[in-house]
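Undergrad: Pasting start_29.tsv here (TSV, C-alpha atoms):
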```tsv
chain	number	residue	atom	x	y	z
A	1	MET	CA	-20.77	17.45	13.32
A	2	LYS	CA	-24.23	17.18	11.72
A	3	ILE	CA	-25.43	14.04	9.89
A	4	GLU	CA	-28.86	13.71	8.27
A	5	LEU	CA	-30.31	10.73	6.37
A	6	HIS	CA	-31.89	11.44	2.95
A	7	GLU	CA	-33.53	9.32	0.28
A	8	ILE	CA	-32.10	10.06	-3.19
A	9	SER	CA	-33.60	8.36	-6.23
A	10	ILE	CA	-31.38	7.03	-8.99
A	11	ARG	CA	-33.29	9.41	-11.29
A	12	GLU	CA	-32.06	12.36	-9.18
A	13	LEU	CA	-28.55	10.93	-8.80
A	14	THR	CA	-27.98	10.42	-12.52
A	15	GLU	CA	-29.40	13.77	-13.62
A	16	GLY	CA	-26.60	15.73	-15.32
A	17	TYR	CA	-24.10	12.87	-14.95
A	18	GLU	CA	-20.76	13.66	-16.59
A	19	ASP	CA	-17.44	11.81	-16.49
A	20	ASN	CA	-14.74	14.23	-17.60
A	21	GLY	CA	-11.80	11.98	-16.81
A	22	ASP	CA	-9.09	13.84	-14.90
A	23	ASP	CA	-11.40	16.86	-14.55
A	24	GLY	CA	-13.80	14.90	-12.37
A	25	VAL	CA	-17.15	13.13	-12.32
A	26	LYS	CA	-20.39	14.99	-11.61
A	27	GLY	CA	-23.97	13.98	-10.88
A	28	TYR	CA	-27.15	15.03	-9.02
A	29	GLY	CA	-27.80	17.93	-11.35
A	30	GLY	CA	-24.15	18.95	-11.32
A	31	LYS	CA	-24.21	19.52	-7.57
A	32	LEU	CA	-22.45	16.26	-6.58
A	33	ASP	CA	-18.70	15.79	-6.97
A	34	ILE	CA	-18.59	12.02	-7.31
A	35	ARG	CA	-14.82	11.77	-7.48
A	36	PRO	CA	-13.15	14.51	-5.40
A	37	PRO	CA	-9.37	14.90	-5.91
A	38	TYR	CA	-8.52	12.71	-2.92
A	39	GLN	CA	-10.67	9.78	-4.05
A	40	ARG	CA	-9.31	6.68	-5.76
A	41	GLU	CA	-9.82	5.94	-9.43
A	42	PHE	CA	-12.71	3.67	-10.42
A	43	ILE	CA	-11.62	0.13	-9.55
A	44	TYR	CA	-14.81	-1.93	-9.70
A	45	GLY	CA	-14.67	-4.82	-12.15
A	46	ASP	CA	-17.53	-6.42	-14.08
A	47	LYS	CA	-18.44	-8.66	-11.14
A	48	ASP	CA	-18.65	-5.72	-8.74
A	49	ARG	CA	-20.73	-3.58	-11.11
A	50	THR	CA	-23.09	-6.48	-11.78
A	51	ALA	CA	-23.57	-6.99	-8.03
A	52	VAL	CA	-24.61	-3.35	-7.63
A	53	ILE	CA	-27.17	-3.52	-10.46
A	54	ASP	CA	-28.40	-6.90	-9.17
A	55	THR	CA	-29.13	-5.25	-5.84
A	56	VAL	CA	-31.02	-2.38	-7.46
A	57	THR	CA	-33.10	-4.49	-9.87
A	58	SER	CA	-33.97	-6.91	-7.06
A	59	ASN	CA	-35.08	-3.94	-4.94
A	60	PHE	CA	-32.74	-5.00	-2.16
A	61	PRO	CA	-31.22	-2.26	0.03
A	62	LEU	CA	-27.84	-1.01	-1.14
A	63	ASN	CA	-25.31	-0.06	1.52
A	64	VAL	CA	-25.80	3.46	2.84
A	65	MET	CA	-23.69	6.21	1.24
A	66	TYR	CA	-22.14	9.35	2.70
A	67	TRP	CA	-21.91	12.80	1.10
A	68	ALA	CA	-20.12	15.77	2.61
A	69	VAL	CA	-21.94	19.09	2.41
A	70	ARG	CA	-19.64	21.84	1.16
A	71	ASP	CA	-19.76	25.47	2.21
A	72	ASP	CA	-21.23	26.48	-1.15
A	73	GLY	CA	-24.13	24.05	-0.82
A	74	THR	CA	-22.76	21.42	-3.21
A	75	TYR	CA	-21.75	17.91	-2.18
A	76	GLU	CA	-18.87	15.50	-2.48
A	77	VAL	CA	-18.94	11.71	-2.11
A	78	ILE	CA	-16.96	10.51	0.88
A	79	ASP	CA	-18.24	6.94	0.69
A	80	GLY	CA	-20.03	5.26	-2.20
A	81	GLN	CA	-18.06	6.47	-5.21
A	82	GLN	CA	-17.68	3.02	-6.76
A	83	ARG	CA	-21.38	2.16	-6.34
A	84	THR	CA	-22.45	5.58	-7.59
A	85	ILE	CA	-20.35	5.40	-10.75
A	86	SER	CA	-21.53	1.83	-11.40
A	87	ILE	CA	-25.15	2.97	-11.29
A	88	CYS	CA	-24.53	6.02	-13.45
A	89	GLN	CA	-22.54	4.05	-16.01
A	90	PHE	CA	-25.34	1.53	-16.38
A	91	VAL	CA	-28.02	4.18	-16.82
A	92	GLU	CA	-25.76	5.95	-19.34
A	93	GLY	CA	-25.44	2.70	-21.31
A	94	ASP	CA	-21.74	2.08	-20.69
A	95	PHE	CA	-22.24	-1.62	-19.92
A	96	ALA	CA	-24.93	-4.30	-20.12
A	97	HIS	CA	-26.59	-6.21	-17.29
A	98	PHE	CA	-27.46	-9.78	-18.27
A	99	PHE	CA	-26.95	-8.88	-21.94
A	100	LYS	CA	-29.28	-5.89	-21.78
A	101	TYR	CA	-28.25	-2.25	-21.84
A	102	PHE	CA	-30.43	0.28	-20.04
A	103	HIS	CA	-31.97	1.44	-23.33
A	104	ASN	CA	-32.98	-2.18	-24.10
A	105	LEU	CA	-35.24	-2.29	-21.03
A	106	THR	CA	-38.97	-1.59	-21.12
A	107	HIS	CA	-40.19	1.76	-19.79
A	108	GLU	CA	-41.52	-0.05	-16.72
A	109	GLU	CA	-38.12	-1.68	-16.09
A	110	GLN	CA	-36.33	1.63	-16.57
A	111	ASP	CA	-38.68	3.42	-14.17
A	112	HIS	CA	-38.23	0.62	-11.63
A	113	ILE	CA	-34.50	1.37	-11.61
A	114	LEU	CA	-34.78	5.18	-11.78
A	115	ASP	CA	-37.28	5.27	-8.89
A	116	TYR	CA	-35.04	3.12	-6.65
A	117	LYS	CA	-34.20	5.02	-3.45
A	118	LEU	CA	-30.62	5.29	-2.25
A	119	MET	CA	-30.02	5.96	1.44
A	120	VAL	CA	-27.53	8.82	1.73
A	121	TYR	CA	-26.21	10.54	4.84
A	122	PHE	CA	-25.49	14.25	4.35
A	123	CYS	CA	-22.54	15.12	6.60
A	124	GLU	CA	-21.49	18.60	7.67
A	125	GLY	CA	-18.29	19.13	9.59
A	126	THR	CA	-14.59	20.00	9.53
A	127	GLU	CA	-11.98	18.48	7.24
A	128	LYS	CA	-10.48	16.46	10.08
A	129	GLU	CA	-13.86	14.92	10.83
A	130	LYS	CA	-13.75	13.36	7.36
A	131	LEU	CA	-10.96	11.11	8.57
A	132	LYS	CA	-13.15	9.79	11.35
A	133	TRP	CA	-15.96	9.13	8.89
A	134	PHE	CA	-13.64	7.29	6.53
A	135	GLU	CA	-12.21	5.15	9.34
A	136	THR	CA	-15.60	4.06	10.63
A	137	ILE	CA	-17.48	3.54	7.35
A	138	ASN	CA	-17.43	0.11	5.72
A	139	ILE	CA	-16.68	0.49	2.00
A	140	ALA	CA	-18.72	-2.43	0.64
A	141	GLY	CA	-15.85	-4.84	0.25
A	142	LYS	CA	-13.34	-2.27	-1.05
A	143	GLN	CA	-11.75	-1.04	2.17
A	144	LEU	CA	-9.91	2.24	1.87
A	145	THR	CA	-6.16	2.15	2.39
A	146	LYS	CA	-4.49	4.36	4.97
A	147	GLN	CA	-3.13	6.56	2.20
A	148	GLU	CA	-6.60	7.02	0.72
A	149	LEU	CA	-7.71	8.21	4.14
A	150	ARG	CA	-4.82	10.68	4.27
A	151	ASN	CA	-5.63	11.94	0.78
A	152	ALA	CA	-9.10	12.82	2.06
A	153	VAL	CA	-7.87	14.68	5.13
A	154	TYR	CA	-5.11	16.61	3.33
A	155	SER	CA	-6.95	17.12	0.04
A	156	GLY	CA	-5.96	20.13	-2.02
A	157	SER	CA	-3.65	21.19	-4.82
A	158	TRP	CA	-0.70	19.16	-3.51
A	159	VAL	CA	-2.60	15.85	-3.34
A	160	SER	CA	-4.12	16.40	-6.76
A	161	ASP	CA	-0.70	16.98	-8.34
A	162	ALA	CA	0.96	14.11	-6.42
A	163	LYS	CA	-1.69	11.71	-7.72
A	164	ARG	CA	-0.80	12.76	-11.26
A	165	TYR	CA	2.68	11.29	-10.75
A	166	PHE	CA	1.97	8.35	-8.46
A	167	SER	CA	-1.66	7.24	-8.46
A	168	LYS	CA	-2.81	6.16	-11.90
A	169	ASN	CA	-2.31	2.98	-13.90
A	170	GLY	CA	0.75	3.56	-16.08
A	171	CYS	CA	1.75	6.70	-14.17
A	172	VAL	CA	5.32	7.97	-14.51
A	173	ALA	CA	6.27	6.62	-11.07
A	174	SER	CA	5.16	3.18	-12.22
A	175	GLN	CA	7.14	3.49	-15.44
A	176	ILE	CA	10.46	4.05	-13.66
A	177	GLY	CA	9.90	2.37	-10.30
A	178	SER	CA	7.60	-0.62	-10.65
A	179	ASP	CA	10.57	-3.01	-10.48
A	180	TYR	CA	11.35	-1.72	-7.01
A	181	LEU	CA	7.92	-1.09	-5.49
A	182	THR	CA	5.24	-3.41	-4.15
A	183	GLY	CA	1.54	-2.67	-4.12
A	184	SER	CA	-0.61	-0.75	-6.58
A	185	ALA	CA	-0.43	2.79	-7.88
A	186	ILE	CA	-4.21	3.02	-8.16
A	187	ARG	CA	-4.63	2.09	-4.48
A	188	GLN	CA	-2.24	4.93	-3.55
A	189	GLU	CA	0.53	2.58	-2.35
A	190	TYR	CA	3.17	4.09	-4.66
A	191	LEU	CA	2.31	7.55	-3.33
A	192	GLU	CA	2.42	6.31	0.24
A	193	THR	CA	5.84	4.73	-0.31
A	194	ALA	CA	7.31	7.89	-1.84
A	195	ILE	CA	6.07	10.08	1.02
A	196	ASP	CA	7.24	7.52	3.58
A	197	TRP	CA	10.73	7.64	2.07
A	198	ILE	CA	11.08	11.41	1.79
A	199	SER	CA	9.66	11.96	5.29
A	200	ASN	CA	11.52	9.08	6.99
A	201	GLY	CA	8.22	7.63	8.14
A	202	ASN	CA	6.44	10.88	9.09
A	203	ILE	CA	3.80	10.74	6.34
A	204	ASP	CA	1.06	12.73	8.08
A	205	ILE	CA	3.44	15.49	9.13
A	206	TYR	CA	4.80	15.80	5.59
A	207	MET	CA	1.34	15.93	4.02
A	208	ALA	CA	0.08	18.49	6.53
A	209	LYS	CA	3.11	20.69	5.86
A	210	HIS	CA	2.71	20.58	2.08
A	211	GLN	CA	-1.10	20.42	1.79
A	212	LYS	CA	-1.40	23.94	0.37
A	213	ASP	CA	1.59	23.66	-1.99
A	214	GLN	CA	0.67	24.30	-5.62
A	215	ASN	CA	2.40	21.15	-6.84
A	216	ALA	CA	4.27	18.01	-5.74
A	217	SER	CA	7.35	18.54	-7.93
A	218	PRO	CA	9.83	18.20	-5.03
A	219	LEU	CA	8.41	14.75	-4.17
A	220	TRP	CA	8.59	13.65	-7.80
A	221	ARG	CA	12.20	14.90	-8.15
A	222	TYR	CA	13.17	13.09	-4.97
A	223	PHE	CA	11.59	9.85	-6.21
A	224	GLN	CA	13.49	10.10	-9.49
A	225	GLU	CA	16.75	10.64	-7.57
A	226	VAL	CA	16.12	7.53	-5.48
A	227	ILE	CA	15.48	5.33	-8.53
A	228	THR	CA	18.54	6.76	-10.34
A	229	TRP	CA	20.68	6.02	-7.28
A	230	VAL	CA	19.42	2.43	-7.08
A	231	ASP	CA	20.09	1.87	-10.78
A	232	GLY	CA	23.59	3.29	-10.44
A	233	THR	CA	24.53	1.45	-7.24
A	234	PHE	CA	23.12	-2.01	-8.01
A	235	THR	CA	23.74	-2.21	-11.73
A	236	THR	CA	22.22	-5.65	-12.36
A	237	LYS	CA	18.45	-5.53	-12.02
A	238	ARG	CA	17.01	-8.51	-10.16
A	239	LYS	CA	13.29	-7.74	-9.94
A	240	LYS	CA	12.47	-10.80	-7.86
A	241	PHE	CA	14.66	-9.65	-4.99
A	242	MET	CA	14.57	-5.85	-5.36
A	243	LYS	CA	10.84	-5.26	-4.90
A	244	GLY	CA	9.79	-3.86	-1.56
A	245	VAL	CA	13.22	-2.84	-0.28
A	246	GLU	CA	13.18	0.45	1.66
A	247	TRP	CA	15.16	2.10	-1.12
A	248	GLY	CA	14.35	5.67	-0.18
A	249	LYS	CA	15.46	5.30	3.41
A	250	LEU	CA	18.70	3.67	2.25
A	251	TYR	CA	19.19	6.52	-0.23
A	252	ASN	CA	18.66	9.11	2.51
A	253	LYS	CA	21.52	7.62	4.51
A	254	TYR	CA	23.98	6.32	1.90
A	255	LYS	CA	23.47	8.48	-1.21
A	256	ASP	CA	26.80	10.29	-0.76
A	257	VAL	CA	28.90	7.13	-0.34
A	258	VAL	CA	30.97	6.11	-3.36
A	259	TYR	CA	30.79	2.36	-4.04
A	260	ASN	CA	32.68	-0.04	-6.27
A	261	THR	CA	29.76	-1.36	-8.30
A	262	ASP	CA	31.69	-4.37	-9.61
A	263	GLU	CA	32.44	-5.50	-6.06
A	264	ILE	CA	28.83	-4.96	-5.09
A	265	GLU	CA	27.55	-7.08	-7.96
A	266	ASN	CA	29.99	-9.88	-7.17
A	267	GLU	CA	28.84	-9.91	-3.54
A	268	VAL	CA	25.16	-9.80	-4.50
A	269	ALA	CA	25.63	-12.82	-6.77
A	270	MET	CA	27.52	-14.69	-4.05
A	271	LEU	CA	24.83	-13.99	-1.43
A	272	ILE	CA	22.02	-15.01	-3.77
A	273	ALA	CA	23.79	-18.35	-4.28
A	274	ASP	CA	24.32	-18.82	-0.51
A	275	ASP	CA	21.69	-21.24	0.82
A	276	ASP	CA	22.14	-19.86	4.32
A	277	VAL	CA	20.74	-16.52	3.21
A	278	GLU	CA	16.98	-17.04	3.40
A	279	ARG	CA	15.83	-13.44	2.89
A	280	LYS	CA	17.29	-12.52	-0.49
A	281	SER	CA	15.67	-9.06	-0.57
A	282	GLY	CA	17.70	-8.29	2.55
A	283	ILE	CA	20.93	-8.57	0.56
A	284	TYR	CA	20.70	-4.95	-0.57
A	285	PRO	CA	20.29	-3.30	2.85
A	286	TYR	CA	22.90	-5.73	4.24
A	287	ILE	CA	25.52	-4.64	1.71
A	288	LEU	CA	25.03	-1.03	2.74
A	289	THR	CA	24.60	-1.51	6.51
A	290	ARG	CA	26.50	-4.79	7.18
A	291	ASP	CA	23.73	-5.76	9.57
A	292	GLU	CA	23.11	-9.52	9.27
A	293	LYS	CA	19.54	-9.19	10.61
A	294	PHE	CA	18.43	-8.28	7.07
A	295	LEU	CA	19.55	-11.62	5.66
A	296	GLY	CA	17.53	-14.03	7.79
A	297	ILE	CA	20.49	-16.41	8.11
A	298	ARG	CA	19.23	-19.99	8.18
A	299	ALA	CA	18.93	-21.32	11.71
A	300	PHE	CA	20.07	-24.71	12.94
A	301	SER	CA	17.23	-27.23	13.02
A	302	ASP	CA	15.76	-28.47	16.30
A	303	THR	CA	17.16	-31.91	15.50
A	304	VAL	CA	20.71	-30.57	15.19
A	305	LYS	CA	20.35	-28.47	18.34
A	306	GLN	CA	19.16	-31.48	20.35
A	307	LYS	CA	21.98	-33.64	18.99
A	308	ILE	CA	24.68	-31.09	19.88
A	309	TYR	CA	23.09	-30.43	23.28
A	310	ASP	CA	23.23	-34.16	24.09
A	311	LYS	CA	26.81	-34.36	22.81
A	312	GLN	CA	27.82	-31.48	25.15
A	313	LYS	CA	25.73	-33.04	27.98
A	314	GLY	CA	24.04	-29.69	28.45
A	315	ILE	CA	27.29	-27.87	29.23
A	316	CYS	CA	27.85	-24.37	27.81
A	317	LEU	CA	31.28	-24.43	26.14
A	318	ILE	CA	32.14	-20.92	27.37
A	319	CYS	CA	31.08	-20.75	31.02
A	320	ASN	CA	31.11	-24.55	31.57
A	321	ASN	CA	27.80	-24.45	33.44
A	322	HIS	CA	24.90	-26.84	32.86
A	323	PHE	CA	21.62	-25.55	31.37
A	324	ASP	CA	18.33	-26.89	30.13
A	325	ILE	CA	18.14	-26.83	26.34
A	326	SER	CA	15.45	-24.12	26.56
A	327	ASP	CA	18.05	-21.85	28.17
A	328	MET	CA	20.61	-22.38	25.42
A	329	GLU	CA	21.02	-21.22	21.83
A	330	ALA	CA	22.71	-22.70	18.79
A	331	ASP	CA	25.82	-20.80	17.68
A	332	HIS	CA	28.00	-20.92	14.58
A	333	ILE	CA	31.51	-21.93	15.68
A	334	VAL	CA	32.89	-20.20	12.62
A	335	PRO	CA	30.64	-17.16	12.16
A	336	TRP	CA	28.58	-17.02	8.98
A	337	ARG	CA	30.29	-13.75	7.97
A	338	ASP	CA	33.63	-15.58	8.05
A	339	GLY	CA	32.41	-18.39	5.83
A	340	GLY	CA	30.89	-20.68	8.45
A	341	LYS	CA	27.93	-22.72	7.26
A	342	THR	CA	24.75	-23.71	9.07
A	343	GLU	CA	25.83	-27.33	9.34
A	344	GLU	CA	26.04	-29.75	12.25
A	345	GLU	CA	29.85	-29.68	12.25
A	346	ASN	CA	29.78	-25.89	12.76
A	347	CYS	CA	27.25	-25.88	15.61
A	348	GLN	CA	27.79	-25.42	19.34
A	349	MET	CA	25.30	-24.84	22.13
A	350	LEU	CA	25.90	-21.85	24.40
A	351	CYS	CA	23.87	-20.39	27.22
A	352	LYS	CA	21.85	-17.38	26.13
A	353	LEU	CA	24.06	-14.88	27.97
A	354	ASP	CA	27.31	-16.16	26.50
A	355	ASN	CA	25.86	-16.52	22.99
A	356	ARG	CA	24.55	-12.97	22.94
A	357	THR	CA	27.77	-11.62	24.46
A	358	LYS	CA	29.78	-13.50	21.83
A	359	SER	CA	27.51	-12.27	19.03
A	360	GLY	CA	27.90	-8.68	20.11
A	361	LYS	CA	31.68	-8.73	19.87
```
Could I get this structure in the form of structure tokens?

TA:
Amino acid sequence: MKIELHEISIRELTEGYEDNGDDGVKGYGGKLDIRPPYQREFIYGDKDRTAVIDTVTSNFPLNVMYWAVRDDGTYEVIDGQQRTISICQFVEGDFAHFFKYFHNLTHEEQDHILDYKLMVYFCEGTEKEKLKWFETINIAGKQLTKQELRNAVYSGSWVSDAKRYFSKNGCVASQIGSDYLTGSAIRQEYLETAIDWISNGNIDIYMAKHQKDQNASPLWRYFQEVITWVDGTFTTKRKKFMKGVEWGKLYNKYKDVVYNTDEIENEVAMLIADDDVERKSGIYPYILTRDEKFLGIRAFSDTVKQKIYDKQKGICLICNNHFDISDMEADHIVPWRDGGKTEEENCQMLCKLDNRTKSGK
């Protein structure tokens, strides 16, 4: 790996600047790819852009940037895209700084900005070394997500096409799945979720396998199938509780099971109304798996546990041995699944061994 520090003036950086939308952003006389396919969309707001121009006009040092040197002698930004675009947009007159556009400045003020020197490391190395660079570089307050790092390592035709479906504001994945997904499409979290689902957690392996594919159509079809299955299985949409559920992994396991949707909806409504169920989003995986761990069943309070412990005089009601309260656990006499509530009258203290043996039956 070879890394060299260069001084690049804003005048040089902005020469030949072009923003062609989905076709990319160029600068540095057309030799710099400012937004390679794996990079995120522009996410800086007015406050961020102003901070960049403040730094330049005050002649303070801007955080160092990193460019990768390509085999053909051109460059691509691996860190500094947001700062670079902010600078270029200001010089192009896309926004004002303290109510003045670039063309409103005096020639001396313009030259002061254009002659400002950016510190840029030129990096030569393998694709995998990019990941190391990304992981160790601080991105000026906009830390890259893990998926953005992966997009860099496995960049190519597949990533570019996958981003078309999953990585833009208002993308088609957002249109059909935003009620079920957490995070942001533009920060690559929708893409990460879809790959996580289809690969059962093996995101890097999946991306490495498909890196050279011409398109990401299979991933998009899979995502559509998951959302269609959710809509058909849980017919009443409850956005508040349905976001963030591991829908794809549930689909992978239960997609071929035929359910009575009326019974499911009745049970969902009942569980939502049950005060003992503290994790409402866990209702959906619980209905499919019958594993109560998803529900976060309300625990007995310390006050109730102490009161029942004193009432039993520290005796476990199964083995009849005496224990300190720290060695005992509160148990539902009538199990929650059989209608037992988390109330004092339904509480008994058992030693840890007997409680866990009882719970496993």

Undergrad: Take atom CA of A:Val257 and atom CA of A:Asp291 and report the distance between them in Å, one decimal.

TA: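 These two atoms are separated by 17.1 Å.
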
Undergrad: Record the distance separating atom CA of A:Thr84 and atom CA of A:Ile3, expressed in Å with one decimal.

TA: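 Answer for the atom CA of A:Thr84 to atom CA of A:Ile3 separation: 19.6 Å.
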
Undergrad: Find the residue from A:Ala269, A:Tyr75, A:Glu108, A:Arg70 that sits nearest to A:Gly29; use only C-alpha atoms when measuring.

TA: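 So, comparing all the options, the nearest one is A:Tyr75.
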
Undergrad: Taking 2 positions as the minimum chain separation for residues in the same chain, which residues sit within 7 Å of stretch 319-332 of chain A when counting all atoms listed in the file? Answer as a list in words.

TA: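 So, after excluding close chain neighbours, the residues are Phe300, Lys305, Tyr309, Gly314, Ile315, Cys316, Leu317, Val334, Pro335, Trp336, Gly340, Thr342, Asn346, Cys347, Gln348, Met349, Leu350, Cys351, Lys352 and Asn355 of chain A.
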
Undergrad: Keeping only C-alpha atoms, write those residues as a PDB file, in the frame of the given file.

TA:
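This is the output file again.pdb:
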```pdb
ATOM      1  CA  PHE A 300      20.070 -24.710  12.940  1.00  0.00           C
ATOM      2  CA  LYS A 305      20.350 -28.470  18.340  1.00  0.00           C
ATOM      3  CA  TYR A 309      23.090 -30.430  23.280  1.00  0.00           C
ATOM      4  CA  GLY A 314      24.040 -29.690  28.450  1.00  0.00           C
ATOM      5  CA  ILE A 315      27.290 -27.870  29.230  1.00  0.00           C
ATOM      6  CA  CYS A 316      27.850 -24.370  27.810  1.00  0.00           C
ATOM      7  CA  LEU A 317      31.280 -24.430  26.140  1.00  0.00           C
ATOM      8  CA  VAL A 334      32.890 -20.200  12.620  1.00  0.00           C
ATOM      9  CA  PRO A 335      30.640 -17.160  12.160  1.00  0.00           C
ATOM     10  CA  TRP A 336      28.580 -17.020   8.980  1.00  0.00           C
ATOM     11  CA  GLY A 340      30.890 -20.680   8.450  1.00  0.00           C
ATOM     12  CA  THR A 342      24.750 -23.710   9.070  1.00  0.00           C
ATOM     13  CA  ASN A 346      29.780 -25.890  12.760  1.00  0.00           C
ATOM     14  CA  CYS A 347      27.250 -25.880  15.610  1.00  0.00           C
ATOM     15  CA  GLN A 348      27.790 -25.420  19.340  1.00  0.00           C
ATOM     16  CA  MET A 349      25.300 -24.840  22.130  1.00  0.00           C
ATOM     17  CA  LEU A 350      25.900 -21.850  24.400  1.00  0.00           C
ATOM     18  CA  CYS A 351      23.870 -20.390  27.220  1.00  0.00           C
ATOM     19  CA  LYS A 352      21.850 -17.380  26.130  1.00  0.00           C
ATOM     20  CA  ASN A 355      25.860 -16.520  22.990  1.00  0.00           C
TER      21      ASN A 355
END
```

Undergrad: Using all atoms listed in the file, which of A:His103, A:His210, A:His97, A:Arg35 sits nearest A:Gly156?

TA: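 Checking each candidate against A:Gly156, we get A:His210 as the closest.
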
Undergrad: What gap, in Å, lies between atom CA of A:Ser157 and atom CA of A:Gln214?

TA: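 Taking atom CA of A:Ser157 and atom CA of A:Gln214, their separation equals 5.4 Å.
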
Undergrad: With only C-alpha atoms as the basis for distance, which of A:Val258, A:Ala173, A:Val268, A:Met207 is at the shortest distance from A:Lys237?

TA: A:Val268

Undergrad: Which residue out of A:Asp213, A:Arg298, A:Lys163, A:Glu225 has the minimum interatomic distance to A:Asp274 when all atoms listed in the file are used?

TA: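 Between A:Asp213, A:Arg298, A:Lys163, A:Glu225, the residue approaching A:Asp274 most closely is A:Arg298.
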
Undergrad: Would you mind telling me which residue in A:Trp247, A:Asp275, A:Ser199, A:Ser217 lies nearest to A:Gly177 when using all atoms listed in the file?

TA: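 Counting all atoms listed in the file, the residue closest to A:Gly177 is A:Trp247.
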
Undergrad: Which residues, written as a ChimeraX atom specification, have at least one atom at most 9 Å from A:Glu92, with all atoms listed in the file counted and residues fewer than 2 positions away on the same chain left out?

TA: /A:14,17,87-90,94-95,101-103

Undergrad: Identify, on the basis of only C-alpha atoms, every residue whose closest approach to A:Thr55 does not exceed 12 Å; exclude the query and any residue fewer than 4 positions from it along the same chain; express the result as a PyMOL selection string.

TA: chain A and resi 48-51+59-63+83+86-87+97+113+116-118

Undergrad: I'd like to know which of A:Thr182, A:Thr289, A:Gln312, A:Asn20 is closest to A:Phe241, using all atoms listed in the file.

TA: A:Thr182

Undergrad: Give me the residues within 8 Å of A:Arg187 as an mmCIF file with C-alpha atoms, keeping the file's coordinate frame, counting only C-alpha atoms and dropping any in the same chain fewer than 4 places off.

TA:
```cif
data_model
loop_
_atom_site.group_PDB
_atom_site.id
_atom_site.type_symbol
_atom_site.label_atom_id
_atom_site.label_comp_id
_atom_site.auth_asym_id
_atom_site.auth_seq_id
_atom_site.Cartn_x
_atom_site.Cartn_y
_atom_site.Cartn_z
ATOM 1 C CA ARG A 40 -9.310 6.680 -5.760
ATOM 2 C CA THR A 145 -6.160 2.150 2.390
ATOM 3 C CA GLU A 148 -6.600 7.020 0.720
ATOM 4 C CA SER A 167 -1.660 7.240 -8.460
ATOM 5 C CA GLY A 183 1.540 -2.670 -4.120
#
```

Undergrad: Tell me which protein, DNA and RNA residues are within 12 Å of A:Lys253, counting only C-alpha atoms, leaving out same-chain ones fewer than 2 positions away, and put them as a list in words.

TA: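 These residues fall inside the cut-off: Trp197, Ile198, Asn200, Val226, Trp229, Glu246, Trp247, Gly248, Lys249, Leu250, Tyr251, Lys255, Asp256, Val257, Pro285, Leu288 and Thr289 of chain A.
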
Undergrad: Next, write the just-selected residues to a file, as a PDB file, in the coordinates of the input, keeping C-alpha atoms as the atom set.

TA:
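Listed below is the output, out-v3.pdb:
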```
ATOM      1  CA  TRP A 197      10.730   7.640   2.070  1.00  0.00           C
ATOM      2  CA  ILE A 198      11.080  11.410   1.790  1.00  0.00           C
ATOM      3  CA  ASN A 200      11.520   9.080   6.990  1.00  0.00           C
ATOM      4  CA  VAL A 226      16.120   7.530  -5.480  1.00  0.00           C
ATOM      5  CA  TRP A 229      20.680   6.020  -7.280  1.00  0.00           C
ATOM      6  CA  GLU A 246      13.180   0.450   1.660  1.00  0.00           C
ATOM      7  CA  TRP A 247      15.160   2.100  -1.120  1.00  0.00           C
ATOM      8  CA  GLY A 248      14.350   5.670  -0.180  1.00  0.00           C
ATOM      9  CA  LYS A 249      15.460   5.300   3.410  1.00  0.00           C
ATOM     10  CA  LEU A 250      18.700   3.670   2.250  1.00  0.00           C
ATOM     11  CA  TYR A 251      19.190   6.520  -0.230  1.00  0.00           C
ATOM     12  CA  LYS A 255      23.470   8.480  -1.210  1.00  0.00           C
ATOM     13  CA  ASP A 256      26.800  10.290  -0.760  1.00  0.00           C
ATOM     14  CA  VAL A 257      28.900   7.130  -0.340  1.00  0.00           C
ATOM     15  CA  PRO A 285      20.290  -3.300   2.850  1.00  0.00           C
ATOM     16  CA  LEU A 288      25.030  -1.030   2.740  1.00  0.00           C
ATOM     17  CA  THR A 289      24.600  -1.510   6.510  1.00  0.00           C
TER      18      THR A 289
END
```

Undergrad: Should you be able to, write stretch 244-262 of chain A of this structure into a file that contains C-alpha atoms, as a CSV table (one decimal), in the first residue's frame.

TA:
```
chain,number,residue,atom,x,y,z
A,244,GLY,CA,-37.9,-3.5,12.8
A,245,VAL,CA,-39.2,-7.1,13.0
A,246,GLU,CA,-36.8,-9.6,11.3
A,247,TRP,CA,-39.5,-10.2,8.6
A,248,GLY,CA,-37.1,-11.8,6.1
A,249,LYS,CA,-35.8,-14.4,8.4
A,250,LEU,CA,-39.3,-15.3,9.5
A,251,TYR,CA,-40.3,-15.5,5.8
A,252,ASN,CA,-37.4,-17.8,5.1
A,253,LYS,CA,-38.6,-20.3,7.7
A,254,TYR,CA,-42.4,-20.0,7.6
A,255,LYS,CA,-43.3,-18.8,4.1
A,256,ASP,CA,-44.8,-22.2,3.2
A,257,VAL,CA,-47.1,-22.5,6.2
A,258,VAL,CA,-50.7,-21.8,5.7
A,259,TYR,CA,-52.3,-19.6,8.4
A,260,ASN,CA,-55.8,-18.6,9.4
A,261,THR,CA,-55.4,-14.9,9.1
A,262,ASP,CA,-58.6,-14.1,11.0
```
